[in-house]
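Written out below as C-alpha cells is the structure these notes cover.
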Amino acid sequence: MGIGLDVWAAGLSELMRPSVILFLFLGVLIGTMIGALPGLSATMGIAIMTPITFWFDPTDGFAMLMGLWNAAIFAGGITAILINTPGTPASITQSFDGYALYKQGKGGLALGINVIFSFMGGIISTLALILFATPIARFTVTFNSAEYFMLAGFGLSMMVAVSGGDVLKGLILGLAGILLSTIGLDPILGVKRFTFGNVNLLAGISFIPVMIGMFGIGEVMYQIFTRNKEQEAKEIEARKVNLALGKVLPTKKEMKGLVPRGVVTSLVATIIGAIPAAGGDISAVICWGNAKKFSKHPEEYGKGSIEGLAVSSAANNGVLGGAMTTMMTLGIPGDAVTAILIGSLTMYGMQPGIKMFTENAKFTTQIMALMVLANVAFLILGLATAKVSAKVLNVAQPTVWCAVCVLCVVGAYALNNNFFDVLVMFAAAILGFLFKVLEFPTGPFILGLLLGSMLESNMRRALVMSNGSYATFVTRPVSCVLLIFVVITFLYPIVKSLKGKKNK
Amino acid sequence: MKKLKADAIAGLLCMALGAFFLIMTATNHQLSFIATTSDGVPGGGFFPYILSVLIIIMGGALVVRGLRQADKQYVQWTPENKKNLKIMFLTVAGIVVFLIAWKITAPYFGNNAFMACVFLLEIYLNKLFERSWKFTLIYAVVFTLFIYLVFNLGFSILFNA
C-alpha cells in the first residue's frame with residue numbers, strides 16, 4: 001500500500017484548475033488579514049470559513065482552508081513585529097525580537113525574515129508530512145479496535161497533560177466532552193441516548209457548530225469582557241507611529257547564518273506539531289528558548305536578534321505539517337484547527353486514517369500539495385506586501401466583533417440549513433466563555449467530543465471480538481505500548497507535583 | 001470572583017452535570033451497563049455510567065481544592081471590568097433577541113426576515129460599541145448586503161429558520 005505516482009499525477013492535475021488557485025490565494029488573503037488582526041485567530045477563521053467551504057468542490061474548499069491556515073499563522077507575526085501584540089498565540093516569541101528590530105528601524109527586515117522563515121518552517125514540515133504520512137498510515141493497517149481505542153485514549157491523555165496547567169480541570173472537561181459525544185444513537189446497539197425526543201440529537205451533537213461557537217462568539221465575549229481601553233489606546237498610538245521599515249530581504253551573509261538554525265527548528269517544530277495539543281505557541285517557546293541556549297549571541301535574544309526572530313517564525317509554521325501528519329494518518333488532531341479539519345473531512349464523507357491513503361489517496365495528495373502551494377502563495381504575497389501590511393492593522397476590534405457574531409450564526413446555519421445547529425453554536429459560545437473565565441482548558445473538551453465516539457465504539461467492538469475479555473488491550477503489542485504511554489502521561493504530572501512538594 | 005468561590009462553584013456544576021447524566025442513564029432501562037445480547041460486553045449505558053461517576057468524583061475534588069485555595073482570584077474586579085461585563089451581557093442579549101426574532105418572523109417573511117434581523121443586529125451592536133451613527137449605518141448596510149450577495153445569491157442559502 002502507498003500512494004503511487006499515478007495517484008499523485010491525477011491529484012496534481014486537478015490542482016491546475018483556475019478555481020483552485022483562485023480559492024487558494026483568496027484563502028491566503030483572508031488568512032493574512034485574520035492573522036494580522038489582533039483578536040482574530042487562525043482557529044476562529046477556520047471555524048467560520050469551514051461551513052462556507054462546504055458549498056464548494058472539496059478541492060476548492062480545502063484550497064481555501066489550507067491557504068487561510070498557513071497564512072494566518074505567518075501573518076500573526078506582522079502585529080507582533082509592528083505593534084508588539086501577537087496576532088495569534090503562536091506568534092508570542094516573534095514580538096520579543098521583531099518589535100525590537102522595528103524600533104531599531106529594521107521593521108522591513110523583520111517582516112521579511114518572518115515571511116521567509118515561516119515559509120521554510122511550513123515547507124520542511126509539509127515535506128515531512130509527504131515523506132512520513134504514508135509509512136505511518138501503512139503501519140496502522142495492523143490496527144484493530146483495541147489499538148484505535150488506545151490511540152484515542154492516548155490522544156486525549158496528551159491533550160489533558162499538555163494543553164493547560166490544570167490537569168484536574170483538563171481531565172473533567174475531557175470526560176465531559178466524551179460524555180456529550182454519547183448523545184445520539186449508540187454506535188453498537190443503536191439505542192437512543194439522551195435525545196429527549198429531539199430528532200436533531202439522533203446523530204449526536206454536531207462538532208463544527210460547537211467549534212464555531214467556542215472560537216467565534218465565545219472568543220468575542222471573552223475579548224469584550226477583558227477589554228482594556230488603556231491598552232487599546234496605546235496600540236492605536238503605536239499604529240500611528242510609522243517608523244521607517246528599511247530593506248525587506250536579508251543579505252546572503254545573514255541568510256547563510258540563519259538557514260541551518262531554521263532547518264533544525266523546522267524539524268523540531270514538526271515533531272512538536274505531531275504531538276496532540278502541542279501547537280505553535282508551545283513550539284515557538286520551546287524552540288526560541290533552546291535556540292537562545294545554543295546561540296553564539298544569546299545576549300541579543302529579546303533585544304532584536306534576527307536569529308531569534310527567524311527561529312520563532314520557523315517554529316510556529318513548522319508545527320502545521322506535524323499536526324497534519326497525526327491528523328491524516330491516525331485521526332488524532334494535533335491542534336484545534338486540525339480538529340475542525342477532521343470534522344470537515346467527515347462532512348465530505350471521508351474518515352482520517354488508513355482510508356485517506358487508500359480510498360481517498362488522490363484527495364490526500366491534493367491536501368499535501370495544497371499545503372506546499374499555500375506556503376508558496378504566502379511567500380509571494382508576504383514579500384510583495386510586507387511594507388503595506390501595517391495598513392491591515394487599522395481595523396478596530398468592535399468592527400471585527402460585529403462581523404464575527406453574524407458570521408458565526410450564518411456559518412452554523414449554512415452547515416445543514418438547520419436552526420438547531422445555530423442553537424448548539426450559541427450554547428457552545430456560552431460554554432467557551434465560561435471555560436476561559438474559569439480557567440478550564442478547552443482543548444480536552446474539544447478532543448473528547450471529537451474522539452468520544454471513536455473511543456467508545458472501538459472499545460466496545462474490541463470487547464465484542466474478545467468475548468468480553470479486557471486482556472485484549474494488553475495482549476496486543478501496539479495496544480499495550482499505547483496503554484503504557486497513556487499511564488505515563490497521566491502519572492507524570494502527579495509524580496512531578498509530588499516531587500515539587502517534597503522539594504519545597 | 002475569588003478562586004474559593006469560582007473553583008468550588010465550577011466543581012459543583014461539574015458534579016451536577018455528572019449527576020444529571022447518571023440519573024438519566026439509570027432511569028432509562030435501555031441503557032444497561034452490560035449488554036443483554038452478549039456476555040460481558042458493555043451495553044449502551046457503560047460509558048455514560050462510568051463517565052458521569054468520574055465527573056462527579058472529580059467535580060468533588062475540584063470543590064475541595066477550591067475550598068483550600070482561598071487566596072487566588074480569577075478576575076480582578078475594576079470599574080472597567082464591570083462595564084465590560086454589562087456590555088458583554090447586552091451583546092449576548094442582542095444575539096438572543098436576534099435569534100428569537102428570526103425564528104418568529106421567518107415563517108411569515110422568509111429570508112427577508114433574516115436580512116432585516118441582521119441589519120438591526122448590526123445597528124444594535126455598533127451602537128453598543130459606541131460607534132458613530134454614520135459608521136453604524138454604513139457598516140450595517142454594507143455587511144447585510146455582503147451576507148445577501150455571498151450567501152443568498154452566491155450559495156443559494158435561504159435563511160428560513
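Quick note on naming: the chains in the C-alpha cells go A, B, ... in the order shown, residues restart at 1 in each chain, and ligands are numbered from 1 in order of appearance.
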
Exercise for the section: Using backbone DSSP assignments, extract all alpha helix (DSSP H) residues from range 337-371 of chain A; output them as a VMD selection string. Expected result: chain A and resid 337 to 347 361 to 371

Exercise for the section: Might you pull out every residue within 12 Å of Arg460 in chain A, with only C-alpha atoms counted and same-chain residues fewer than 5 positions away left off, and present them as a ChimeraX atom specification? Expected result: /A:144-146,148-149,186-189,453-455,465-470,472-473 /B:33-35,38,40-47

Generate the output file for the selected residues, N, CA and C atoms, as an mmCIF file, in the first residue's frame.
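Just written: out-v1.cif:
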data_model
loop_
_atom_site.group_PDB
_atom_site.id
_atom_site.type_symbol
_atom_site.label_atom_id
_atom_site.label_comp_id
_atom_site.auth_asym_id
_atom_site.auth_seq_id
_atom_site.Cartn_x
_atom_site.Cartn_y
_atom_site.Cartn_z
ATOM 1 N N ASN A 144 -6.434 -2.851 14.987
ATOM 2 C CA ASN A 144 -7.873 -3.150 15.043
ATOM 3 C C ASN A 144 -8.499 -2.308 16.148
ATOM 4 N N SER A 145 -9.672 -2.664 16.570
ATOM 5 C CA SER A 145 -10.410 -1.803 17.509
ATOM 6 C C SER A 145 -9.634 -1.514 18.789
ATOM 7 N N ALA A 146 -8.888 -2.513 19.295
ATOM 8 C CA ALA A 146 -8.154 -2.312 20.558
ATOM 9 C C ALA A 146 -7.133 -1.180 20.397
ATOM 10 N N TYR A 148 -7.156 1.253 18.102
ATOM 11 C CA TYR A 148 -7.811 2.556 17.882
ATOM 12 C C TYR A 148 -8.372 3.122 19.185
ATOM 13 N N PHE A 149 -8.851 2.235 20.054
ATOM 14 C CA PHE A 149 -9.342 2.689 21.360
ATOM 15 C C PHE A 149 -8.182 3.311 22.154
ATOM 16 N N ASP A 186 -26.590 4.994 20.040
ATOM 17 C CA ASP A 186 -25.470 4.166 20.500
ATOM 18 C C ASP A 186 -24.804 3.530 19.270
ATOM 19 N N PRO A 187 -23.448 3.689 19.137
ATOM 20 C CA PRO A 187 -22.782 3.206 17.909
ATOM 21 C C PRO A 187 -22.826 1.689 17.707
ATOM 22 N N ILE A 188 -23.073 0.929 18.773
ATOM 23 C CA ILE A 188 -23.075 -0.535 18.627
ATOM 24 C C ILE A 188 -24.502 -1.092 18.592
ATOM 25 N N LEU A 189 -25.331 -0.670 19.550
ATOM 26 C CA LEU A 189 -26.671 -1.273 19.668
ATOM 27 C C LEU A 189 -27.778 -0.411 19.057
ATOM 28 N N SER A 453 -16.638 9.216 20.277
ATOM 29 C CA SER A 453 -17.286 8.146 19.521
ATOM 30 C C SER A 453 -16.266 7.082 19.105
ATOM 31 N N MET A 454 -15.072 7.527 18.675
ATOM 32 C CA MET A 454 -14.003 6.601 18.284
ATOM 33 C C MET A 454 -13.588 5.743 19.485
ATOM 34 N N LEU A 455 -13.489 6.414 20.622
ATOM 35 C CA LEU A 455 -13.081 5.741 21.856
ATOM 36 C C LEU A 455 -14.095 4.669 22.247
ATOM 37 N N MET A 465 -15.300 -8.588 20.100
ATOM 38 C CA MET A 465 -14.432 -9.540 19.385
ATOM 39 C C MET A 465 -13.694 -10.476 20.337
ATOM 40 N N SER A 466 -13.422 -9.979 21.570
ATOM 41 C CA SER A 466 -12.684 -10.823 22.524
ATOM 42 C C SER A 466 -13.637 -11.497 23.520
ATOM 43 N N ASN A 467 -14.906 -11.510 23.201
ATOM 44 C CA ASN A 467 -15.929 -12.101 24.084
ATOM 45 C C ASN A 467 -15.894 -11.514 25.497
ATOM 46 N N GLY A 468 -15.689 -10.229 25.541
ATOM 47 C CA GLY A 468 -15.736 -9.528 26.829
ATOM 48 C C GLY A 468 -14.446 -9.574 27.618
ATOM 49 N N SER A 469 -13.347 -10.058 27.020
ATOM 50 C CA SER A 469 -12.076 -10.147 27.753
ATOM 51 C C SER A 469 -11.282 -8.845 27.614
ATOM 52 N N TYR A 470 -11.002 -8.211 28.745
ATOM 53 C CA TYR A 470 -10.245 -6.946 28.737
ATOM 54 C C TYR A 470 -8.754 -7.182 28.458
ATOM 55 N N THR A 472 -7.509 -8.247 25.932
ATOM 56 C CA THR A 472 -7.199 -7.894 24.541
ATOM 57 C C THR A 472 -6.408 -6.580 24.450
ATOM 58 N N PHE A 473 -6.591 -5.698 25.436
ATOM 59 C CA PHE A 473 -5.905 -4.400 25.400
ATOM 60 C C PHE A 473 -4.429 -4.494 25.822
ATOM 61 N N PHE B 33 -25.611 -1.348 31.820
ATOM 62 C CA PHE B 33 -24.153 -1.317 31.961
ATOM 63 C C PHE B 33 -23.518 -2.426 31.112
ATOM 64 N N ILE B 34 -24.117 -3.608 31.174
ATOM 65 C CA ILE B 34 -23.643 -4.743 30.376
ATOM 66 C C ILE B 34 -24.724 -5.049 29.332
ATOM 67 N N ALA B 35 -24.312 -5.310 28.096
ATOM 68 C CA ALA B 35 -25.281 -5.597 27.036
ATOM 69 C C ALA B 35 -26.005 -6.904 27.336
ATOM 70 N N SER B 38 -24.715 -10.031 24.429
ATOM 71 C CA SER B 38 -23.519 -10.876 24.501
ATOM 72 C C SER B 38 -22.886 -10.800 25.890
ATOM 73 N N GLY B 40 -20.664 -10.253 28.964
ATOM 74 C CA GLY B 40 -19.534 -9.415 29.381
ATOM 75 C C GLY B 40 -19.255 -8.205 28.521
ATOM 76 N N VAL B 41 -20.043 -8.000 27.497
ATOM 77 C CA VAL B 41 -19.789 -6.878 26.594
ATOM 78 C C VAL B 41 -20.565 -5.656 27.092
ATOM 79 N N PRO B 42 -19.908 -4.475 27.125
ATOM 80 C CA PRO B 42 -20.599 -3.288 27.651
ATOM 81 C C PRO B 42 -21.868 -2.929 26.862
ATOM 82 N N GLY B 43 -22.852 -2.444 27.576
ATOM 83 C CA GLY B 43 -24.092 -2.018 26.931
ATOM 84 C C GLY B 43 -24.071 -0.534 26.637
ATOM 85 N N GLY B 44 -25.226 0.002 26.218
ATOM 86 C CA GLY B 44 -25.323 1.408 25.851
ATOM 87 C C GLY B 44 -25.095 2.362 27.009
ATOM 88 N N GLY B 45 -25.249 1.857 28.235
ATOM 89 C CA GLY B 45 -25.088 2.737 29.391
ATOM 90 C C GLY B 45 -23.695 2.682 30.004
ATOM 91 N N PHE B 46 -22.839 1.822 29.460
ATOM 92 C CA PHE B 46 -21.500 1.612 30.039
ATOM 93 C C PHE B 46 -20.696 2.907 30.140
ATOM 94 N N PHE B 47 -20.545 3.573 29.007
ATOM 95 C CA PHE B 47 -19.760 4.823 29.005
ATOM 96 C C PHE B 47 -20.438 5.923 29.834
#

Problem - Shell around Val118 in chain B at 12 Å using only C-alpha atoms, local window under 2 positions removed, as number ranges by chain - result: A: 402-403, 405-407, 409-410; B: 94-95, 97-99, 101-102, 111-116, 120-125, 139-148, 159

Problem - Interface list for chain A, partner chain B, 7 Å threshold, only C-alpha atoms, as a ChimeraX atom specification - result: /A:55,172,175,179,186,189,191,221,224-227,398,402,414,418-419,438,460,463-464,467-468

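The coordinates place CA of Cys480 in chain A at 27.5 Å from CA of Leu180 in chain A.
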
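Take CA of Phe357 in chain A and CA of Met158 in chain A: the distance between them is 25.2 Å.
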
Practice task
Looking only at strand (DSSP E or B) from DSSP on the backbone, list the matching residues of chain B as number ranges by chain.
Solution key: B: 2, 34, 42, 73

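Look at Val141 in chain A: the protein and nucleic acid residues within 12 Å of it, using only C-alpha atoms and passing over chain neighbours fewer than 4 places away, are Met1, Gly2, Thr134, Pro135, Ile136, Ala137, Ser145, Glu147, Tyr148, Thr329, Leu330, Gly353, Ile354, Lys355, Met356, Phe357, Thr358 and Val478 of chain A.
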
Practice task
Find the residues near Tyr301 in chain A: any atom within 8 Å, counting only C-alpha atoms, skip ones fewer than 6 places away on the same chain, and give them as JSON, numbers by chain.
Solution key: {"A": [96, 97, 292, 307, 308]}

Dump C-alpha atoms for the selected residues as a PDB file, in the first residue's frame?
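Output contents, as saved in part11.pdb:
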ATOM      1  CA  PHE A  96      10.343  39.527  21.616  1.00  0.00           C
ATOM      2  CA  ASP A  97      12.776  40.251  18.783  1.00  0.00           C
ATOM      3  CA  LYS A 292      18.940  31.093  22.826  1.00  0.00           C
ATOM      4  CA  GLU A 307      18.307  34.780  14.635  1.00  0.00           C
ATOM      5  CA  GLY A 308      15.702  34.738  17.417  1.00  0.00           C
TER       6      GLY A 308
END

Problem - Shell of 8 Å around range 71-74 of chain A, only C-alpha atoms, local chain residues under 2 positions omitted, as a PyMOL selection string - result: chain A and resi 27-36+41-42+67-69+76-78+88+90-91+114-115+118+313+316-317+374-375+378

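Relative to CA of Phe154 in chain A, CA of Gly66 in chain B is found at 28.4 Å.
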
Handout entry: Best match for closeness to Thr85 in chain A among A:Asp60, A:Phe117, A:Ile236, A:Val7, counting only C-alpha atoms
Key =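 Between A:Asp60, A:Phe117, A:Ile236, A:Val7, the residue approaching Thr85 in chain A most closely is A:Ile236.
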
Practice task
Using only C-alpha atoms, determine which residues lie at most 12 Å from Ile130 in chain A, disregarding the query and same-chain residues fewer than 3 positions distant; provide the list as a ChimeraX atom specification.
Solution key: /A:2-3,8,123-127,133-137,321-322,324-325,328-329,357,364-372

Problem - Top pick for closest residue to Asp421 in chain A, considering A:Val319, A:Leu379, A:Val210, A:Leu309 and counting only C-alpha atoms - result: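 Checking each of A:Val319, A:Leu379, A:Val210, A:Leu309 against Asp421 in chain A, counting only C-alpha atoms, the winner is A:Val210.
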